[in-house]
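I have placed the structure first, in the form of structure tokens, so that the comments after it can refer back to it.
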Amino acid sequence: MKVLPFLSLRPRLPGSLPPRLPRLPGPRLSAALLGATVLELVVLTGHLAAYPFGLTQERVPQERRAPGPPPGPPTLPGSPAAERPVVLLHGFIDNRSVFVLLRRALARHGRRHLASLNYSPLTRDLRTAAELLGRHVEEICARTGQREVDIVGHSLGGLIARYYVQRLGGDHRVRTLVTLGTPHGGTAVAPGAGLHPIVRQMRGGSPLIEELRLPAPGCRTRFVSFWSELDQVMVPVGTACVDHPDLDAVNVRVTGIGHLALPVHPAVAAAVREALESQEAREGTAPSTGTSSVA
């Protein structure tokens, strides 16, 4: 992966825990937290303005794949026919409008098949949302003629995608899963946790979180998890890291931004794009676990 000005890779031994956050001086951390909070408010204001435009499901393209045999093996990397679709999955009480900027960035760099899925905030079980995602992925593969997709999930959306990949056999369809501020280990901060069943499932120690700790031998999907040291929704912040001995995972540490800014920040968008593209160079390599930093 090309090293961007804000990106530096520091591999760690397989099976080791995510690195501890450095102890930053109080004033410096306070200034960073203040800046991140201001940015969160700006992002929230913009997102509230865009929110109504994402309430409806995305319009399915009119063109349909002609009937015929199943699609063959992907062609050589770099060929337009080899472009895997990217599925974007939003977080709790949100919709596809959160990915407007990320979607635009991916489209500018040649991604031709981009799809967003809205799931209802009334969904009471994450497993149900994962099954819906599975049907959505199958429809996209049938329509585009591709065997695999990439998925980018924000917050709860990343957890839904992980359940689909790890527990419902979605690793046969998903090449790379990128998560942004997703509570892989469960979070102690879950607004409305006593009121909404699907939010209770995001808490640490919930049956669903424990289910994701079960063995997952042979899982084919590569995981890239972005986590922020200033994410006030992930408690502790390290819960947004993928820590599972059977999964091929890289955890990317983000500095200077909070939870809402993860899907809209241009630096994160560039890192997400490179994470998706870097898989081509990894074909045939052994699974690995590592960490990265985004400043």
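Simple scheme: letters A, B, ... for chains in structure tokens order, numbers from 1 for residues in each chain, numbers from 1 for ligands in the order shown.
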(message) as a ChimeraX atom specification, please: every residue in stretch 83-279 of chain A that a backbone DSSP assignment puts in strand (DSSP E or B).
(response) /A:86-89,114-117,149-154,174-180,222-228,248-254
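Residues in contact range of stretch 149-163 of chain A, defined as at most 7 Å between only C-alpha atoms, with sequence neighbours fewer than 2 positions away removed, read Arg84, Pro85, Val86, Val87, Leu88, Leu89, His90, Gly91, Phe92, Leu126, Ala129, Ala130, Val165, Gln166, Arg167, Leu168, Arg173, Val174, Arg175, Thr176, Leu177, Val178, Thr179, Leu180, Gly181, Thr182, Pro183, His184 and Pro263 of chain A.
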Can I get the selection written as a PDB file, in the first residue's frame, with N, CA and C atoms?
ATOM      1  N   ARG A  84     -14.832  -4.760  -8.877  1.00  0.00           N
ATOM      2  CA  ARG A  84     -15.809  -5.326  -7.944  1.00  0.00           C
ATOM      3  C   ARG A  84     -16.754  -4.236  -7.466  1.00  0.00           C
ATOM      4  N   PRO A  85     -18.034  -4.553  -7.307  1.00  0.00           N
ATOM      5  CA  PRO A  85     -18.965  -3.587  -6.726  1.00  0.00           C
ATOM      6  C   PRO A  85     -18.577  -3.277  -5.282  1.00  0.00           C
ATOM      7  N   VAL A  86     -18.870  -2.068  -4.850  1.00  0.00           N
ATOM      8  CA  VAL A  86     -18.666  -1.654  -3.469  1.00  0.00           C
ATOM      9  C   VAL A  86     -20.032  -1.396  -2.851  1.00  0.00           C
ATOM     10  N   VAL A  87     -20.316  -2.080  -1.756  1.00  0.00           N
ATOM     11  CA  VAL A  87     -21.578  -1.916  -1.041  1.00  0.00           C
ATOM     12  C   VAL A  87     -21.322  -1.054   0.188  1.00  0.00           C
ATOM     13  N   LEU A  88     -22.106  -0.004   0.373  1.00  0.00           N
ATOM     14  CA  LEU A  88     -21.960   0.925   1.484  1.00  0.00           C
ATOM     15  C   LEU A  88     -23.104   0.716   2.466  1.00  0.00           C
ATOM     16  N   LEU A  89     -22.772   0.532   3.748  1.00  0.00           N
ATOM     17  CA  LEU A  89     -23.786   0.202   4.758  1.00  0.00           C
ATOM     18  C   LEU A  89     -23.662   1.163   5.936  1.00  0.00           C
ATOM     19  N   HIS A  90     -24.733   1.912   6.192  1.00  0.00           N
ATOM     20  CA  HIS A  90     -24.732   2.974   7.194  1.00  0.00           C
ATOM     21  C   HIS A  90     -24.899   2.439   8.613  1.00  0.00           C
ATOM     22  N   GLY A  91     -24.803   3.343   9.577  1.00  0.00           N
ATOM     23  CA  GLY A  91     -24.918   2.991  10.981  1.00  0.00           C
ATOM     24  C   GLY A  91     -26.337   3.135  11.510  1.00  0.00           C
ATOM     25  N   PHE A  92     -26.477   3.057  12.830  1.00  0.00           N
ATOM     26  CA  PHE A  92     -27.776   3.065  13.493  1.00  0.00           C
ATOM     27  C   PHE A  92     -28.481   4.420  13.321  1.00  0.00           C
ATOM     28  N   LEU A 126     -29.911  -7.696  14.687  1.00  0.00           N
ATOM     29  CA  LEU A 126     -28.820  -7.487  13.745  1.00  0.00           C
ATOM     30  C   LEU A 126     -28.726  -8.635  12.754  1.00  0.00           C
ATOM     31  N   ALA A 129     -30.860  -7.965   9.776  1.00  0.00           N
ATOM     32  CA  ALA A 129     -30.228  -7.003   8.870  1.00  0.00           C
ATOM     33  C   ALA A 129     -29.111  -7.661   8.070  1.00  0.00           C
ATOM     34  N   ALA A 130     -28.379  -8.599   8.677  1.00  0.00           N
ATOM     35  CA  ALA A 130     -27.313  -9.305   7.973  1.00  0.00           C
ATOM     36  C   ALA A 130     -27.873 -10.194   6.862  1.00  0.00           C
ATOM     37  N   VAL A 165     -20.507 -11.850   6.956  1.00  0.00           N
ATOM     38  CA  VAL A 165     -19.282 -12.501   6.473  1.00  0.00           C
ATOM     39  C   VAL A 165     -18.902 -13.696   7.333  1.00  0.00           C
ATOM     40  N   GLN A 166     -18.937 -13.504   8.645  1.00  0.00           N
ATOM     41  CA  GLN A 166     -18.369 -14.484   9.568  1.00  0.00           C
ATOM     42  C   GLN A 166     -19.335 -15.590   9.951  1.00  0.00           C
ATOM     43  N   ARG A 167     -20.632 -15.294   9.991  1.00  0.00           N
ATOM     44  CA  ARG A 167     -21.596 -16.257  10.508  1.00  0.00           C
ATOM     45  C   ARG A 167     -22.594 -16.762   9.464  1.00  0.00           C
ATOM     46  N   LEU A 168     -22.728 -16.057   8.337  1.00  0.00           N
ATOM     47  CA  LEU A 168     -23.716 -16.448   7.323  1.00  0.00           C
ATOM     48  C   LEU A 168     -23.071 -16.857   6.008  1.00  0.00           C
ATOM     49  N   ARG A 173     -18.548 -14.203  -0.792  1.00  0.00           N
ATOM     50  CA  ARG A 173     -18.943 -13.101  -1.664  1.00  0.00           C
ATOM     51  C   ARG A 173     -18.155 -11.809  -1.402  1.00  0.00           C
ATOM     52  N   VAL A 174     -17.628 -11.650  -0.202  1.00  0.00           N
ATOM     53  CA  VAL A 174     -17.008 -10.385   0.180  1.00  0.00           C
ATOM     54  C   VAL A 174     -15.489 -10.528   0.169  1.00  0.00           C
ATOM     55  N   ARG A 175     -14.827  -9.798  -0.718  1.00  0.00           N
ATOM     56  CA  ARG A 175     -13.368  -9.851  -0.789  1.00  0.00           C
ATOM     57  C   ARG A 175     -12.746  -9.057   0.359  1.00  0.00           C
ATOM     58  N   THR A 176     -13.161  -7.790   0.516  1.00  0.00           N
ATOM     59  CA  THR A 176     -12.625  -6.930   1.567  1.00  0.00           C
ATOM     60  C   THR A 176     -13.773  -6.245   2.297  1.00  0.00           C
ATOM     61  N   LEU A 177     -13.728  -6.272   3.622  1.00  0.00           N
ATOM     62  CA  LEU A 177     -14.697  -5.560   4.455  1.00  0.00           C
ATOM     63  C   LEU A 177     -13.971  -4.452   5.199  1.00  0.00           C
ATOM     64  N   VAL A 178     -14.330  -3.214   4.915  1.00  0.00           N
ATOM     65  CA  VAL A 178     -13.771  -2.048   5.600  1.00  0.00           C
ATOM     66  C   VAL A 178     -14.805  -1.554   6.604  1.00  0.00           C
ATOM     67  N   THR A 179     -14.410  -1.411   7.863  1.00  0.00           N
ATOM     68  CA  THR A 179     -15.326  -0.897   8.880  1.00  0.00           C
ATOM     69  C   THR A 179     -14.798   0.418   9.426  1.00  0.00           C
ATOM     70  N   LEU A 180     -15.712   1.335   9.707  1.00  0.00           N
ATOM     71  CA  LEU A 180     -15.381   2.667  10.201  1.00  0.00           C
ATOM     72  C   LEU A 180     -16.059   2.864  11.549  1.00  0.00           C
ATOM     73  N   GLY A 181     -15.287   2.869  12.623  1.00  0.00           N
ATOM     74  CA  GLY A 181     -15.858   3.079  13.938  1.00  0.00           C
ATOM     75  C   GLY A 181     -16.899   2.038  14.306  1.00  0.00           C
ATOM     76  N   THR A 182     -16.567   0.782  14.107  1.00  0.00           N
ATOM     77  CA  THR A 182     -17.500  -0.325  14.380  1.00  0.00           C
ATOM     78  C   THR A 182     -17.157  -0.989  15.706  1.00  0.00           C
ATOM     79  N   PRO A 183     -18.152  -1.233  16.571  1.00  0.00           N
ATOM     80  CA  PRO A 183     -17.883  -1.839  17.891  1.00  0.00           C
ATOM     81  C   PRO A 183     -17.674  -3.348  17.809  1.00  0.00           C
ATOM     82  N   HIS A 184     -16.546  -3.765  17.244  1.00  0.00           N
ATOM     83  CA  HIS A 184     -16.293  -5.196  17.071  1.00  0.00           C
ATOM     84  C   HIS A 184     -16.275  -5.942  18.406  1.00  0.00           C
ATOM     85  N   PRO A 263     -16.784   8.598   8.039  1.00  0.00           N
ATOM     86  CA  PRO A 263     -17.176   8.311   6.655  1.00  0.00           C
ATOM     87  C   PRO A 263     -17.096   9.505   5.711  1.00  0.00           C
TER      88      PRO A 263
END
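The shortest atom-to-atom distance to A:Asp125, with only C-alpha atoms taken into account, belongs to A:Met202 out of A:Leu102, A:Met202, A:Ala142, A:Ala50.
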(message) I need the residues in stretch 27-246 of chain A that are helix (DSSP H, G or I) according to DSSP; give them as number ranges by chain.
(response) A: 27-54, 80-82, 96-108, 126-144, 156-167, 170-172, 197-200, 207-212, 237-240
Which residues come within 10 Å of A:Glu229, counting only C-alpha atoms, excluding same-chain residues fewer than 4 positions away, as a PDB file with all heavy atoms, in the first residue's frame?
ATOM      1  N   LEU A  21      -2.803   3.089  23.434  1.00  0.00           N
ATOM      2  CA  LEU A  21      -2.696   4.466  22.995  1.00  0.00           C
ATOM      3  C   LEU A  21      -1.578   5.163  23.759  1.00  0.00           C
ATOM      4  O   LEU A  21      -1.399   4.919  24.954  1.00  0.00           O
ATOM      5  CB  LEU A  21      -4.021   5.199  23.247  1.00  0.00           C
ATOM      6  CG  LEU A  21      -5.218   4.706  22.442  1.00  0.00           C
ATOM      7  CD1 LEU A  21      -6.455   5.462  22.860  1.00  0.00           C
ATOM      8  CD2 LEU A  21      -4.976   4.877  20.965  1.00  0.00           C
ATOM      9  N   PRO A  22      -0.855   6.033  23.107  1.00  0.00           N
ATOM     10  CA  PRO A  22       0.201   6.758  23.826  1.00  0.00           C
ATOM     11  C   PRO A  22      -0.409   7.712  24.838  1.00  0.00           C
ATOM     12  O   PRO A  22      -1.500   8.224  24.654  1.00  0.00           O
ATOM     13  CB  PRO A  22       0.911   7.521  22.700  1.00  0.00           C
ATOM     14  CG  PRO A  22      -0.116   7.665  21.628  1.00  0.00           C
ATOM     15  CD  PRO A  22      -0.948   6.419  21.698  1.00  0.00           C
ATOM     16  N   LEU A  33      -9.176  17.039  21.213  1.00  0.00           N
ATOM     17  CA  LEU A  33     -10.569  16.686  21.467  1.00  0.00           C
ATOM     18  C   LEU A  33     -11.496  17.839  21.126  1.00  0.00           C
ATOM     19  O   LEU A  33     -12.582  17.627  20.560  1.00  0.00           O
ATOM     20  CB  LEU A  33     -10.745  16.280  22.933  1.00  0.00           C
ATOM     21  CG  LEU A  33     -12.150  15.827  23.347  1.00  0.00           C
ATOM     22  CD1 LEU A  33     -12.602  14.654  22.503  1.00  0.00           C
ATOM     23  CD2 LEU A  33     -12.168  15.472  24.825  1.00  0.00           C
ATOM     24  N   MET A 234     -17.190   4.768  20.814  1.00  0.00           N
ATOM     25  CA  MET A 234     -16.510   3.503  21.066  1.00  0.00           C
ATOM     26  C   MET A 234     -15.815   3.575  22.432  1.00  0.00           C
ATOM     27  O   MET A 234     -14.844   4.324  22.610  1.00  0.00           O
ATOM     28  CB  MET A 234     -15.478   3.207  19.978  1.00  0.00           C
ATOM     29  CG  MET A 234     -16.031   3.075  18.579  1.00  0.00           C
ATOM     30  SD  MET A 234     -17.111   1.647  18.360  1.00  0.00           S
ATOM     31  CE  MET A 234     -18.708   2.488  18.287  1.00  0.00           C
ATOM     32  N   PRO A 236     -14.272   0.952  25.353  1.00  0.00           N
ATOM     33  CA  PRO A 236     -13.047   1.716  25.081  1.00  0.00           C
ATOM     34  C   PRO A 236     -12.797   1.861  23.583  1.00  0.00           C
ATOM     35  O   PRO A 236     -13.363   1.108  22.791  1.00  0.00           O
ATOM     36  CB  PRO A 236     -11.965   0.868  25.751  1.00  0.00           C
ATOM     37  CG  PRO A 236     -12.488  -0.534  25.641  1.00  0.00           C
ATOM     38  CD  PRO A 236     -13.977  -0.424  25.840  1.00  0.00           C
ATOM     39  N   VAL A 237     -11.915   2.791  23.198  1.00  0.00           N
ATOM     40  CA  VAL A 237     -11.725   3.049  21.772  1.00  0.00           C
ATOM     41  C   VAL A 237     -11.198   1.827  21.034  1.00  0.00           C
ATOM     42  O   VAL A 237     -11.481   1.632  19.846  1.00  0.00           O
ATOM     43  CB  VAL A 237     -10.777   4.258  21.557  1.00  0.00           C
ATOM     44  CG1 VAL A 237     -11.437   5.534  21.997  1.00  0.00           C
ATOM     45  CG2 VAL A 237      -9.448   4.048  22.276  1.00  0.00           C
ATOM     46  N   GLY A 238     -10.435   0.983  21.731  1.00  0.00           N
ATOM     47  CA  GLY A 238      -9.890  -0.209  21.096  1.00  0.00           C
ATOM     48  C   GLY A 238     -10.929  -1.230  20.698  1.00  0.00           C
ATOM     49  O   GLY A 238     -10.625  -2.178  19.967  1.00  0.00           O
ATOM     50  N   ALA A 240     -13.112  -0.872  18.625  1.00  0.00           N
ATOM     51  CA  ALA A 240     -13.347  -0.762  17.185  1.00  0.00           C
ATOM     52  C   ALA A 240     -12.291  -1.508  16.373  1.00  0.00           C
ATOM     53  O   ALA A 240     -12.324  -1.463  15.147  1.00  0.00           O
ATOM     54  CB  ALA A 240     -13.382   0.708  16.768  1.00  0.00           C
ATOM     55  N   ARG A 253      -5.423   3.041  12.864  1.00  0.00           N
ATOM     56  CA  ARG A 253      -5.694   4.027  13.893  1.00  0.00           C
ATOM     57  C   ARG A 253      -5.807   5.423  13.282  1.00  0.00           C
ATOM     58  O   ARG A 253      -4.933   5.873  12.554  1.00  0.00           O
ATOM     59  CB  ARG A 253      -4.577   4.008  14.934  1.00  0.00           C
ATOM     60  CG  ARG A 253      -4.737   5.064  16.005  1.00  0.00           C
ATOM     61  CD  ARG A 253      -3.582   5.014  16.967  1.00  0.00           C
ATOM     62  NE  ARG A 253      -3.601   6.138  17.880  1.00  0.00           N
ATOM     63  CZ  ARG A 253      -2.666   6.363  18.802  1.00  0.00           C
ATOM     64  NH1 ARG A 253      -1.653   5.523  18.909  1.00  0.00           N
ATOM     65  NH2 ARG A 253      -2.757   7.400  19.584  1.00  0.00           N
ATOM     66  N   VAL A 254      -6.906   6.113  13.587  1.00  0.00           N
ATOM     67  CA  VAL A 254      -7.154   7.458  13.087  1.00  0.00           C
ATOM     68  C   VAL A 254      -6.976   8.446  14.233  1.00  0.00           C
ATOM     69  O   VAL A 254      -7.421   8.193  15.352  1.00  0.00           O
ATOM     70  CB  VAL A 254      -8.585   7.582  12.521  1.00  0.00           C
ATOM     71  CG1 VAL A 254      -8.841   8.995  12.015  1.00  0.00           C
ATOM     72  CG2 VAL A 254      -8.810   6.557  11.413  1.00  0.00           C
ATOM     73  N   THR A 255      -6.332   9.563  13.977  1.00  0.00           N
ATOM     74  CA  THR A 255      -6.163  10.581  15.007  1.00  0.00           C
ATOM     75  C   THR A 255      -6.793  11.888  14.548  1.00  0.00           C
ATOM     76  O   THR A 255      -6.776  12.220  13.357  1.00  0.00           O
ATOM     77  CB  THR A 255      -4.682  10.831  15.322  1.00  0.00           C
ATOM     78  OG1 THR A 255      -4.022  11.297  14.143  1.00  0.00           O
ATOM     79  CG2 THR A 255      -4.006   9.557  15.795  1.00  0.00           C
ATOM     80  N   GLY A 256      -7.356  12.617  15.498  1.00  0.00           N
ATOM     81  CA  GLY A 256      -7.832  13.963  15.216  1.00  0.00           C
ATOM     82  C   GLY A 256      -9.275  14.102  14.802  1.00  0.00           C
ATOM     83  O   GLY A 256      -9.759  15.222  14.630  1.00  0.00           O
ATOM     84  N   ILE A 257     -10.011  12.991  14.623  1.00  0.00           N
ATOM     85  CA  ILE A 257     -11.412  13.096  14.244  1.00  0.00           C
ATOM     86  C   ILE A 257     -12.248  12.138  15.086  1.00  0.00           C
ATOM     87  O   ILE A 257     -11.724  11.199  15.688  1.00  0.00           O
ATOM     88  CB  ILE A 257     -11.636  12.809  12.739  1.00  0.00           C
ATOM     89  CG1 ILE A 257     -11.300  11.360  12.400  1.00  0.00           C
ATOM     90  CG2 ILE A 257     -10.824  13.757  11.874  1.00  0.00           C
ATOM     91  CD1 ILE A 257     -11.622  10.992  10.969  1.00  0.00           C
ATOM     92  N   GLY A 258     -13.549  12.384  15.116  1.00  0.00           N
ATOM     93  CA  GLY A 258     -14.451  11.573  15.912  1.00  0.00           C
ATOM     94  C   GLY A 258     -15.285  10.612  15.082  1.00  0.00           C
ATOM     95  O   GLY A 258     -15.008  10.373  13.900  1.00  0.00           O
ATOM     96  N   HIS A 259     -16.334  10.098  15.691  1.00  0.00           N
ATOM     97  CA  HIS A 259     -17.135   9.025  15.113  1.00  0.00           C
ATOM     98  C   HIS A 259     -17.844   9.443  13.824  1.00  0.00           C
ATOM     99  O   HIS A 259     -17.808   8.725  12.825  1.00  0.00           O
ATOM    100  CB  HIS A 259     -18.165   8.567  16.151  1.00  0.00           C
ATOM    101  CG  HIS A 259     -18.908   7.336  15.767  1.00  0.00           C
ATOM    102  ND1 HIS A 259     -18.351   6.070  15.823  1.00  0.00           N
ATOM    103  CD2 HIS A 259     -20.183   7.153  15.323  1.00  0.00           C
ATOM    104  CE1 HIS A 259     -19.244   5.170  15.435  1.00  0.00           C
ATOM    105  NE2 HIS A 259     -20.359   5.808  15.124  1.00  0.00           N
TER     106      HIS A 259
END
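By only C-alpha atoms, and with residues fewer than 2 positions from A:Leu132 along its chain excluded, the set lying at most 10 Å from it is Leu117, Asn118, Tyr119, Leu126, Arg127, Thr128, Ala129, Ala130, Gly134, Arg135, His136, Val137, Ile160 and Tyr164 of chain A.
Pairwise distance (atom CA of A:Ser225, atom CA of A:Pro52) equals 28.3 Å.
Here the question is which of A:Ile198, A:Glu138, A:Leu212, A:Thr144 gets nearest to A:Arg112 using only C-alpha atoms, and that residue is A:Thr144.
For the pair atom CA of A:Arg143 and atom CA of A:Thr123, the interatomic distance is 26.2 Å.
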(request) Point out the residue among A:Ala275, A:Ala36, A:Glu139, A:His47 with the least atom-to-atom distance to A:Asp94, counting only C-alpha atoms. (result) A:His47
